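Peer 1: I am sharing final-v5.pdb, which consists of PDB, C-alpha atoms:
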ATOM      1  CA  MET A 142       5.972  33.886  -6.644
ATOM      2  CA  THR A 143       9.564  32.716  -6.092
ATOM      3  CA  THR A 144      10.561  29.218  -7.169
ATOM      4  CA  LYS A 145      12.045  27.338  -4.215
ATOM      5  CA  LEU A 146      12.821  23.944  -5.781
ATOM      6  CA  GLN A 147      13.343  22.904  -9.389
ATOM      7  CA  ILE A 148      13.686  19.305 -10.480
ATOM      8  CA  GLU A 149      14.843  18.802 -14.069
ATOM      9  CA  GLN A 150      14.943  15.462 -15.897
ATOM     10  CA  LEU A 151      15.501  13.562 -12.654
ATOM     11  CA  THR A 152      16.175   9.854 -13.175
ATOM     12  CA  LYS A 153      16.878   7.209 -10.540
ATOM     13  CA  LYS A 154      16.592   3.524 -11.432
ATOM     14  CA  PHE A 155      17.023   0.511  -9.170
ATOM     15  CA  ASN A 156      18.078  -3.084  -9.872
ATOM     16  CA  LYS A 157      14.657  -4.220 -11.098
ATOM     17  CA  ASN A 158      14.457  -1.119 -13.318
ATOM     18  CA  ASP A 159      11.805   0.442 -11.120
ATOM     19  CA  GLY A 160      12.232   4.011  -9.931
ATOM     20  CA  ILE A 161      11.683   7.329 -11.698
ATOM     21  CA  GLU A 162      12.697   8.710 -15.092
ATOM     22  CA  ASN A 163      12.824  12.248 -16.494
ATOM     23  CA  ILE A 164      10.836  13.860 -13.668
ATOM     24  CA  ASN A 165      10.276  17.615 -13.986
ATOM     25  CA  LEU A 166       8.553  19.768 -11.363
ATOM     26  CA  ASP A 167       8.770  23.107  -9.559
ATOM     27  CA  ILE A 168       7.790  24.027  -6.007
ATOM     28  CA  GLN A 169       7.148  27.632  -5.073
ATOM     29  CA  ASP A 170       8.241  29.404  -1.894
ATOM     30  CA  LYS A 171       5.918  28.750   1.097
ATOM     31  CA  GLU A 172       4.021  26.091  -0.838
ATOM     32  CA  LEU A 173       3.011  22.681   0.524
ATOM     33  CA  VAL A 174       3.196  20.173  -2.303
ATOM     34  CA  THR A 175       2.257  16.522  -1.860
ATOM     35  CA  LEU A 176       3.606  13.557  -3.803
ATOM     36  CA  LEU A 177       0.664  11.150  -3.863
ATOM     37  CA  GLY A 178       0.383   7.648  -5.212
ATOM     38  CA  PRO A 179       0.336   3.921  -4.429
ATOM     39  CA  SER A 180       3.299   2.020  -3.019
ATOM     40  CA  GLY A 181       6.141   1.736  -5.508
ATOM     41  CA  CYS A 182       5.046   4.675  -7.663
ATOM     42  CA  GLY A 183       8.261   6.660  -7.095
ATOM     43  CA  LYS A 184       7.110   9.361  -4.693
ATOM     44  CA  THR A 185       9.570   8.476  -1.918
ATOM     45  CA  THR A 186      12.353   8.095  -4.488
ATOM     46  CA  ILE A 187      11.859  11.738  -5.474
ATOM     47  CA  LEU A 188      11.801  12.849  -1.837
ATOM     48  CA  ARG A 189      14.929  10.930  -0.894
ATOM     49  CA  SER A 190      16.707  12.147  -4.012
ATOM     50  CA  VAL A 191      15.981  15.755  -3.052
ATOM     51  CA  GLY A 192      17.210  15.073   0.480
ATOM     52  CA  GLY A 193      20.422  13.456  -0.740
ATOM     53  CA  PHE A 194      19.625   9.945   0.489
ATOM     54  CA  HIS A 195      19.669   8.516  -3.055
ATOM     55  CA  GLU A 196      22.495   9.047  -5.513
ATOM     56  CA  ILE A 197      20.631   9.956  -8.688
ATOM     57  CA  ASP A 198      21.469   8.637 -12.165
ATOM     58  CA  SER A 199      20.952  11.928 -13.980
ATOM     59  CA  GLY A 200      19.166  15.258 -13.821
ATOM     60  CA  LYS A 201      19.310  18.413 -11.746
ATOM     61  CA  ILE A 202      17.975  19.341  -8.305
ATOM     62  CA  ILE A 203      18.048  23.102  -7.791
ATOM     63  CA  LEU A 204      17.255  24.587  -4.374
ATOM     64  CA  ASP A 205      17.214  28.371  -3.962
ATOM     65  CA  GLY A 206      18.932  28.704  -7.331
ATOM     66  CA  GLN A 207      21.815  26.341  -6.465
ATOM     67  CA  GLU A 208      22.365  22.861  -7.878
ATOM     68  CA  ILE A 209      22.521  20.404  -4.973
ATOM     69  CA  GLN A 210      22.328  16.957  -6.611
ATOM     70  CA  ASP A 211      25.993  16.285  -5.840
ATOM     71  CA  PHE A 212      25.841  17.468  -2.214
ATOM     72  CA  PRO A 213      25.615  15.005   0.720
ATOM     73  CA  PRO A 214      22.489  15.320   2.900
ATOM     74  CA  GLU A 215      24.235  17.364   5.592
ATOM     75  CA  LYS A 216      25.300  19.965   3.026
ATOM     76  CA  ARG A 217      21.781  20.508   1.685
ATOM     77  CA  ALA A 218      19.458  23.139   3.128
ATOM     78  CA  THR A 219      16.776  20.498   3.634
ATOM     79  CA  GLY A 220      15.238  18.913   6.719
ATOM     80  CA  MET A 221      13.932  15.336   6.582
ATOM     81  CA  VAL A 222      11.195  13.859   8.761
ATOM     82  CA  PHE A 223      10.883  10.106   8.277
ATOM     83  CA  GLN A 224       7.913   7.765   8.703
ATOM     84  CA  GLY A 225       9.465   6.483  11.934
ATOM     85  CA  TYR A 226      10.249   9.125  14.504
ATOM     86  CA  ASN A 227      13.979   8.208  14.630
ATOM     87  CA  LEU A 228      14.401   9.704  18.080
ATOM     88  CA  TRP A 229      17.297   8.386  20.163
ATOM     89  CA  PRO A 230      15.631   6.675  23.148
ATOM     90  CA  HIS A 231      18.524   7.362  25.537
ATOM     91  CA  MET A 232      18.394  11.127  24.897
ATOM     92  CA  THR A 233      15.898  13.700  26.154
ATOM     93  CA  VAL A 234      13.896  15.839  23.775
ATOM     94  CA  PHE A 235      16.433  18.615  24.281
ATOM     95  CA  GLU A 236      19.376  16.302  23.576
ATOM     96  CA  ASN A 237      17.726  14.848  20.472
ATOM     97  CA  MET A 238      17.200  18.336  19.095
ATOM     98  CA  GLU A 239      20.610  19.590  20.154
ATOM     99  CA  TYR A 240      22.590  16.940  18.298
ATOM    100  CA  GLY A 241      22.391  18.514  14.837
ATOM    101  CA  LEU A 242      23.156  21.961  16.232
ATOM    102  CA  LYS A 243      26.295  20.614  17.905
ATOM    103  CA  LEU A 244      27.474  19.226  14.582
ATOM    104  CA  ARG A 245      27.062  22.691  13.122
ATOM    105  CA  LYS A 246      29.116  24.088  16.008
ATOM    106  CA  ILE A 247      26.356  26.406  17.243
ATOM    107  CA  ASP A 248      27.261  27.819  20.670
ATOM    108  CA  LYS A 249      25.439  26.504  23.746
ATOM    109  CA  LYS A 250      23.306  29.581  24.441
ATOM    110  CA  LYS A 251      22.178  29.836  20.821
ATOM    111  CA  ARG A 252      21.388  26.105  20.764
ATOM    112  CA  ARG A 253      18.980  26.441  23.685
ATOM    113  CA  GLU A 254      17.304  29.487  22.135
ATOM    114  CA  LYS A 255      16.723  27.649  18.862
ATOM    115  CA  ILE A 256      15.426  24.519  20.597
ATOM    116  CA  GLU A 257      13.015  26.446  22.806
ATOM    117  CA  LYS A 258      11.729  28.396  19.804
ATOM    118  CA  ALA A 259      11.156  25.217  17.783
ATOM    119  CA  LEU A 260       9.361  23.512  20.681
ATOM    120  CA  GLU A 261       7.137  26.552  21.097
ATOM    121  CA  LEU A 262       6.280  26.285  17.422
ATOM    122  CA  VAL A 263       5.101  22.675  17.818
ATOM    123  CA  ARG A 264       3.485  23.441  21.198
ATOM    124  CA  MET A 265       5.783  21.138  23.175
ATOM    125  CA  PRO A 266       7.916  23.423  25.417
ATOM    126  CA  GLU A 267       6.959  21.639  28.632
ATOM    127  CA  HIS A 268       8.345  18.324  27.320
ATOM    128  CA  ILE A 269      11.897  19.542  26.762
ATOM    129  CA  ASN A 270      13.445  17.261  29.414
ATOM    130  CA  LYS A 271      11.377  14.138  28.752
ATOM    131  CA  PHE A 272      12.601  10.969  27.052
ATOM    132  CA  PRO A 273      10.822   9.632  23.922
ATOM    133  CA  SER A 274       9.319   6.743  25.906
ATOM    134  CA  GLN A 275       7.447   9.315  28.007
ATOM    135  CA  LEU A 276       5.726  10.799  24.947
ATOM    136  CA  SER A 277       2.751   9.676  22.861
ATOM    137  CA  GLY A 278       3.158   8.872  19.171
ATOM    138  CA  GLY A 279       1.792  12.261  18.157
ATOM    139  CA  GLN A 280       4.132  14.026  20.575
ATOM    140  CA  GLN A 281       7.129  12.091  19.259
ATOM    141  CA  GLN A 282       6.233  13.093  15.722
ATOM    142  CA  ARG A 283       6.046  16.738  16.783
ATOM    143  CA  VAL A 284       9.520  16.438  18.286
ATOM    144  CA  ALA A 285      10.776  14.889  15.042
ATOM    145  CA  ILE A 286       9.376  17.869  13.133
ATOM    146  CA  ALA A 287      10.838  20.320  15.662
ATOM    147  CA  ARG A 288      14.224  18.611  15.362
ATOM    148  CA  SER A 289      14.199  19.372  11.644
ATOM    149  CA  LEU A 290      12.907  22.917  12.119
ATOM    150  CA  VAL A 291      15.635  23.780  14.615
ATOM    151  CA  LEU A 292      18.149  23.532  11.753
ATOM    152  CA  GLU A 293      16.123  26.148   9.843
ATOM    153  CA  PRO A 294      15.842  24.219   6.559
ATOM    154  CA  SER A 295      14.971  26.010   3.361
ATOM    155  CA  LEU A 296      12.826  23.011   2.395
ATOM    156  CA  LEU A 297      11.148  20.548   4.772
ATOM    157  CA  LEU A 298      10.773  16.978   3.481
ATOM    158  CA  LEU A 299       8.131  14.742   5.093
ATOM    159  CA  ASP A 300       7.933  11.023   4.272
ATOM    160  CA  GLU A 301       4.500   9.743   5.374
ATOM    161  CA  PRO A 302       5.080  11.194   8.839
ATOM    162  CA  PHE A 303       1.610  10.455  10.237
ATOM    163  CA  SER A 304       1.029   6.914   8.944
ATOM    164  CA  ALA A 305       1.825   5.257  12.305
ATOM    165  CA  LEU A 306      -0.720   7.374  14.191
ATOM    166  CA  ASP A 307      -4.360   6.498  14.826
ATOM    167  CA  ALA A 308      -7.034   8.297  12.797
ATOM    168  CA  LYS A 309      -7.971  10.987  15.320
ATOM    169  CA  ILE A 310      -4.361  11.947  16.120
ATOM    170  CA  ARG A 311      -3.477  11.843  12.433
ATOM    171  CA  GLN A 312      -6.221  14.359  11.660
ATOM    172  CA  HIS A 313      -4.997  16.611  14.470
ATOM    173  CA  MET A 314      -1.405  16.422  13.218
ATOM    174  CA  ARG A 315      -2.510  17.455   9.724
ATOM    175  CA  GLU A 316      -4.099  20.554  11.202
ATOM    176  CA  GLU A 317      -1.001  21.222  13.277
ATOM    177  CA  LEU A 318       1.268  20.879  10.244
ATOM    178  CA  LYS A 319      -0.704  23.535   8.369
ATOM    179  CA  ARG A 320      -0.488  25.839  11.371
ATOM    180  CA  ILE A 321       3.264  25.239  11.743
ATOM    181  CA  GLN A 322       3.766  25.888   8.037
ATOM    182  CA  ASP A 323       1.944  29.211   8.267
ATOM    183  CA  ASP A 324       3.676  30.273  11.484
ATOM    184  CA  ALA A 325       7.174  29.411  10.218
ATOM    185  CA  ASN A 326       6.650  30.347   6.527
ATOM    186  CA  LEU A 327       7.794  26.856   5.508
ATOM    187  CA  THR A 328       8.093  25.287   2.090
ATOM    188  CA  ILE A 329       7.159  21.611   2.364
ATOM    189  CA  LEU A 330       7.397  18.565   0.105
ATOM    190  CA  PHE A 331       5.150  15.882   1.602
ATOM    191  CA  VAL A 332       4.791  12.207   0.671
ATOM    192  CA  THR A 333       1.657  10.149   1.329
ATOM    193  CA  HIS A 334      -0.471   7.389  -0.188
ATOM    194  CA  ASP A 335      -3.523   8.718   1.692
ATOM    195  CA  GLN A 336      -5.794  10.633  -0.703
ATOM    196  CA  GLU A 337      -7.780  12.296   2.086
ATOM    197  CA  GLU A 338      -4.584  13.505   3.731
ATOM    198  CA  ALA A 339      -3.304  14.941   0.448
ATOM    199  CA  MET A 340      -6.597  16.715  -0.229
ATOM    200  CA  PHE A 341      -6.615  18.246   3.249
ATOM    201  CA  ILE A 342      -3.085  19.621   3.548
ATOM    202  CA  SER A 343      -1.915  20.401   0.018
ATOM    203  CA  ASP A 344      -1.636  23.563  -2.003
ATOM    204  CA  ARG A 345      -0.872  21.318  -4.968
ATOM    205  CA  ILE A 346      -0.847  17.550  -5.460
ATOM    206  CA  ILE A 347       1.469  15.568  -7.726
ATOM    207  CA  VAL A 348      -0.246  12.263  -8.545
ATOM    208  CA  MET A 349       2.249   9.550  -9.457
ATOM    209  CA  ASN A 350       1.885   6.129 -11.044
ATOM    210  CA  LYS A 351       4.608   3.643 -12.002
ATOM    211  CA  GLY A 352       7.425   6.174 -11.784
ATOM    212  CA  ASN A 353       5.658   8.861 -13.801
ATOM    213  CA  ILE A 354       3.678  12.001 -12.993
ATOM    214  CA  GLU A 355       0.045  11.537 -14.007
ATOM    215  CA  GLN A 356      -1.211  14.999 -13.030
ATOM    216  CA  ILE A 357      -0.242  18.113 -11.077
ATOM    217  CA  GLY A 358      -2.868  20.486  -9.711
ATOM    218  CA  GLY A 359      -4.738  21.883  -6.741
ATOM    219  CA  PRO A 360      -6.884  19.464  -4.707
ATOM    220  CA  ASN A 361     -10.125  20.638  -6.325
ATOM    221  CA  ASP A 362      -8.634  20.439  -9.825
ATOM    222  CA  ILE A 363      -7.392  16.908  -9.226
ATOM    223  CA  TYR A 364     -10.757  15.813  -7.834
ATOM    224  CA  ASP A 365     -13.065  17.627 -10.265
ATOM    225  CA  ARG A 366     -10.984  17.398 -13.440
ATOM    226  CA  PRO A 367      -8.790  14.272 -13.405
ATOM    227  CA  ASN A 368      -6.749  13.920 -16.588
ATOM    228  CA  THR A 369      -6.619  10.134 -16.644
ATOM    229  CA  ARG A 370      -8.684   7.197 -15.508
ATOM    230  CA  PHE A 371      -5.961   6.312 -12.996
ATOM    231  CA  VAL A 372      -6.258   9.714 -11.306
ATOM    232  CA  ALA A 373     -10.056   9.573 -11.458
ATOM    233  CA  GLU A 374     -10.172   6.230  -9.651
ATOM    234  CA  PHE A 375      -7.288   6.878  -7.246
ATOM    235  CA  ILE A 376      -8.646  10.181  -5.911
ATOM    236  CA  GLY A 377     -11.932   9.553  -4.146
ATOM    237  CA  ASP A 378     -14.731   7.258  -5.329
ATOM    238  CA  MET A 379     -15.546   7.074  -9.018
ATOM    239  CA  ASN A 380     -18.103   5.189 -11.092
ATOM    240  CA  ILE A 381     -16.954   4.282 -14.599
ATOM    241  CA  PHE A 382     -19.493   4.180 -17.449
ATOM    242  CA  SER A 383     -19.039   3.234 -21.102
ATOM    243  CA  GLU A 384     -21.350   4.243 -23.944
ATOM    244  CA  GLN A 385     -20.666   3.730 -27.622
ATOM    245  CA  ASP A 386     -16.895   3.407 -27.181
ATOM    246  CA  VAL A 387     -16.790   6.448 -24.877
ATOM    247  CA  THR A 388     -15.652   5.979 -21.270
ATOM    248  CA  TYR A 389     -16.347   8.567 -18.597
ATOM    249  CA  GLY A 390     -16.485   8.855 -14.821
ATOM    250  CA  VAL A 391     -19.162  10.051 -12.415
ATOM    251  CA  ARG A 392     -18.624  10.840  -8.734
ATOM    252  CA  PRO A 393     -21.130   9.125  -6.383
ATOM    253  CA  GLU A 394     -22.420  12.495  -5.178
ATOM    254  CA  ASN A 395     -23.315  13.454  -8.760
ATOM    255  CA  ILE A 396     -25.894  10.688  -9.227
ATOM    256  CA  ARG A 397     -29.557  10.996  -8.273
ATOM    257  CA  ILE A 398     -31.861   8.013  -7.693
ATOM    258  CA  THR A 399     -35.585   7.834  -8.493
ATOM    259  CA  LYS A 400     -37.810   4.860  -7.781
ATOM    260  CA  SER A 401     -39.139   3.234 -10.966
ATOM    261  CA  ILE A 402     -40.895  -0.084 -11.562
ATOM    262  CA  GLU A 403     -39.107  -0.449 -14.900
ATOM    263  CA  GLY A 404     -35.810   1.021 -13.713
ATOM    264  CA  GLY A 405     -32.493  -0.294 -14.925
ATOM    265  CA  TYR A 406     -30.910  -0.697 -11.499
ATOM    266  CA  VAL A 407     -31.630  -2.642  -8.324
ATOM    267  CA  VAL A 408     -30.846  -1.346  -4.827
ATOM    268  CA  GLN A 409     -28.332  -3.790  -3.330
ATOM    269  CA  GLN A 410     -27.139  -2.071  -0.172
ATOM    270  CA  MET A 411     -27.815   1.037   1.916
ATOM    271  CA  MET A 412     -25.475   2.243   4.629
ATOM    272  CA  SER A 413     -25.538   5.390   6.776
ATOM    273  CA  LEU A 414     -22.145   7.127   6.938
ATOM    274  CA  GLY A 415     -22.991  10.103   9.119
ATOM    275  CA  HIS A 416     -23.908  13.154   7.068
ATOM    276  CA  TYR A 417     -24.702  11.048   3.988
ATOM    277  CA  SER A 418     -25.830   7.536   3.047
ATOM    278  CA  GLN A 419     -24.019   5.229   0.663
ATOM    279  CA  VAL A 420     -26.242   3.312  -1.728
ATOM    280  CA  ILE A 421     -24.949   0.467  -3.891
ATOM    281  CA  LEU A 422     -26.908  -0.276  -7.050
ATOM    282  CA  ALA A 423     -26.550  -3.184  -9.463
ATOM    283  CA  GLU A 424     -27.255  -2.737 -13.160
ATOM    284  CA  SER A 425     -30.153  -5.051 -14.003
ATOM    285  CA  ASN A 426     -28.484  -6.807 -16.964
ATOM    286  CA  THR A 427     -24.743  -6.721 -16.289
ATOM    287  CA  GLN A 428     -24.869  -6.620 -12.469
ATOM    288  CA  GLU A 429     -22.131  -3.951 -12.540
ATOM    289  CA  GLU A 430     -22.170  -1.926  -9.343
ATOM    290  CA  VAL A 431     -22.786   1.812  -9.087
ATOM    291  CA  LYS A 432     -22.035   3.716  -5.892
ATOM    292  CA  VAL A 433     -24.231   6.696  -4.944
ATOM    293  CA  PHE A 434     -23.915   9.167  -2.067
ATOM    294  CA  VAL A 435     -27.223  10.556  -0.795
ATOM    295  CA  ASN A 436     -27.349  13.577   1.526
ATOM    296  CA  ARG A 437     -29.222  13.064   4.780
ATOM    297  CA  ASP A 438     -31.645  15.887   3.972
ATOM    298  CA  MET A 439     -32.829  14.170   0.766
ATOM    299  CA  GLU A 440     -35.982  12.072   0.998
ATOM    300  CA  ILE A 441     -35.422   8.367   0.314
ATOM    301  CA  ASP A 442     -38.473   6.436  -0.930
ATOM    302  CA  TYR A 443     -36.760   3.170  -1.923
ATOM    303  CA  VAL A 444     -35.478   0.132  -0.040
ATOM    304  CA  ILE A 445     -33.180  -2.795  -0.752
ATOM    305  CA  GLY A 446     -34.523  -4.813  -3.670
ATOM    306  CA  ASP A 447     -36.377  -1.921  -5.336
ATOM    307  CA  THR A 448     -35.810  -1.112  -8.990
ATOM    308  CA  VAL A 449     -34.687   2.463  -9.642
ATOM    309  CA  ASP A 450     -33.454   4.815 -12.343
ATOM    310  CA  ILE A 451     -30.463   7.116 -12.077
ATOM    311  CA  THR A 452     -29.836  10.639 -13.317
ATOM    312  CA  ILE A 453     -26.236  11.713 -13.906
ATOM    313  CA  GLN A 454     -25.613  15.366 -13.122
ATOM    314  CA  ASP A 455     -21.935  15.734 -14.030
ATOM    315  CA  LYS A 456     -19.695  13.559 -16.204
ATOM    316  CA  ILE A 457     -15.888  13.584 -16.083
ATOM    317  CA  ASN A 458     -14.151  12.849 -19.370
ATOM    318  CA  PHE A 459     -10.563  11.668 -19.190
ATOM    319  CA  THR A 460      -7.916   9.853 -21.177
ATOM    320  CA  VAL A 461      -7.687   6.158 -20.391
TER     321      VAL A 461
END
Translate the structure of the given file into structure tokens.

Peer 2:
Amino acid sequence: MTTKLQIEQLTKKFNKNDGIENINLDIQDKELVTLLGPSGCGKTTILRSVGGFHEIDSGKIILDGQEIQDFPPEKRATGMVFQGYNLWPHMTVFENMEYGLKLRKIDKKKRREKIEKALELVRMPEHINKFPSQLSGGQQQRVAIARSLVLEPSLLLLDEPFSALDAKIRQHMREELKRIQDDANLTILFVTHDQEEAMFISDRIIVMNKGNIEQIGGPNDIYDRPNTRFVAEFIGDMNIFSEQDVTYGVRPENIRITKSIEGGYVVQQMMSLGHYSQVILAESNTQEEVKVFVNRDMEIDYVIGDTVDITIQDKINFTV
């Protein structure tokens, strides 16, 4: 597989000394890689550094074999889609998309061909003459993506592009992004703080914390084999247990409950969440909570207030 982007020893610090330091990562051609982490972890700093919107302190950014860290944004073969749609309200969809092509001195006929092709890709050709105010949030975000695609970037950069959308539209846009990536053979670097979103769209996930990379891996690797306690607790739900100076994690779906008069746990709460139920237990002595997911097809013979035992089916060991 061909390496599309290489980041070597990338450092960018801000006034309060937050930022990133000595970041190293590679992205392969046609790969969708997500930078995931809480606010302030450095994920957007990496993205904006790659796009040329931050002047870095040190390191190398290599795109298609060429160092680009000293290039301005317009000289980089990258396309940036921001959290806000950044569409000019006084321009039509066509005019918004045409602007960058005019700057590149593309002739009029070729500009229209490129715009129509990009709108076909995002399934918006019939909206070419509408103004942004006439479009829904999801449609505006599609136009923002199409505006980047029309410039034929070697690398598409997406900074939490779906965060302003409601849940149903956000899910649809995730599916659309995967389709667009496949149809256009795109390489994408995506930023989000939404674990579910990262798990759904990513080929690989880069989990960040306090300016550092905690773990890089496929969604299943990150979920099933977290390297650190931070990753274990940040990705999905995780119960933490300690025994004889050993700390380990257990996913809620890997715990089984059996009713027992002398059990060590008490059922505190039961809630149906569609295809499974969430059960909250409290340890009899410490009152520490344990979360359990129970499939709908499993028989439940306990109620709130009952004492129960638990059986752990799979432990996850990690560094603290």

Peer 1: Any chance you could resolve the PyMOL selection byres ((chain A and resi 305-322) around 8) against this file and give the residues as a PyMOL selection string?

Peer 2: chain A and resi 171+224-225+262-263+278-279+302-304+323-329+338+341-342

Peer 1: Using only C-alpha atoms, which protein or nucleic acid residues come within 6 Å of segment 362-379 of chain A? Drop anything in the same chain fewer than 6 positions from it, and give the result as a compact mmCIF listing (two decimals) with C-alpha atoms, in the coordinates of the input.

Peer 2:
# COMPACT_ATOMS: atom_id res chain seq x y z
CA GLN A 336 -5.79 10.63 -0.70
CA VAL A 391 -19.16 10.05 -12.42
CA ARG A 392 -18.62 10.84 -8.73
CA PHE A 459 -10.56 11.67 -19.19
CA THR A 460 -7.92 9.85 -21.18
CA VAL A 461 -7.69 6.16 -20.39

Peer 1: With 8 Å of padding per side, what axis-aligned box (centre and edge lengths, Å, one decimal) covers all the listed atoms of segment 405-408 of chain A? Give it as AutoDock Vina command-line options.

Peer 2:
--center_x -31.7 --center_y -1.5 --center_z -9.9 --size_x 17.6 --size_y 18.3 --size_z 26.1

Peer 1: Find the residues with any atom within 8 Å of (2.1, 10.4, -10.2); use only C-alpha atoms and the coordinates as given in the file, and write the answer as a PDB file with C-alpha atoms, in the frame of the given file.

Peer 2:
ATOM      1  CA  LEU A 176       3.606  13.557  -3.803  1.00  0.00           C
ATOM      2  CA  LEU A 177       0.664  11.150  -3.863  1.00  0.00           C
ATOM      3  CA  GLY A 178       0.383   7.648  -5.212  1.00  0.00           C
ATOM      4  CA  CYS A 182       5.046   4.675  -7.663  1.00  0.00           C
ATOM      5  CA  GLY A 183       8.261   6.660  -7.095  1.00  0.00           C
ATOM      6  CA  LYS A 184       7.110   9.361  -4.693  1.00  0.00           C
ATOM      7  CA  ILE A 347       1.469  15.568  -7.726  1.00  0.00           C
ATOM      8  CA  VAL A 348      -0.246  12.263  -8.545  1.00  0.00           C
ATOM      9  CA  MET A 349       2.249   9.550  -9.457  1.00  0.00           C
ATOM     10  CA  ASN A 350       1.885   6.129 -11.044  1.00  0.00           C
ATOM     11  CA  LYS A 351       4.608   3.643 -12.002  1.00  0.00           C
ATOM     12  CA  GLY A 352       7.425   6.174 -11.784  1.00  0.00           C
ATOM     13  CA  ASN A 353       5.658   8.861 -13.801  1.00  0.00           C
ATOM     14  CA  ILE A 354       3.678  12.001 -12.993  1.00  0.00           C
ATOM     15  CA  GLU A 355       0.045  11.537 -14.007  1.00  0.00           C
ATOM     16  CA  GLN A 356      -1.211  14.999 -13.030  1.00  0.00           C
TER      17      GLN A 356
END

Peer 1: Which neighbours of Leu228 of chain A fall inside 8 Å, counting only C-alpha atoms, when residues of the same chain fewer than 5 positions from it are skipped, and could you give them as a list in words?

Peer 2: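 Surrounding residues, per the criterion: Asn237, Pro273, Gln281 and Ala285 of chain A.
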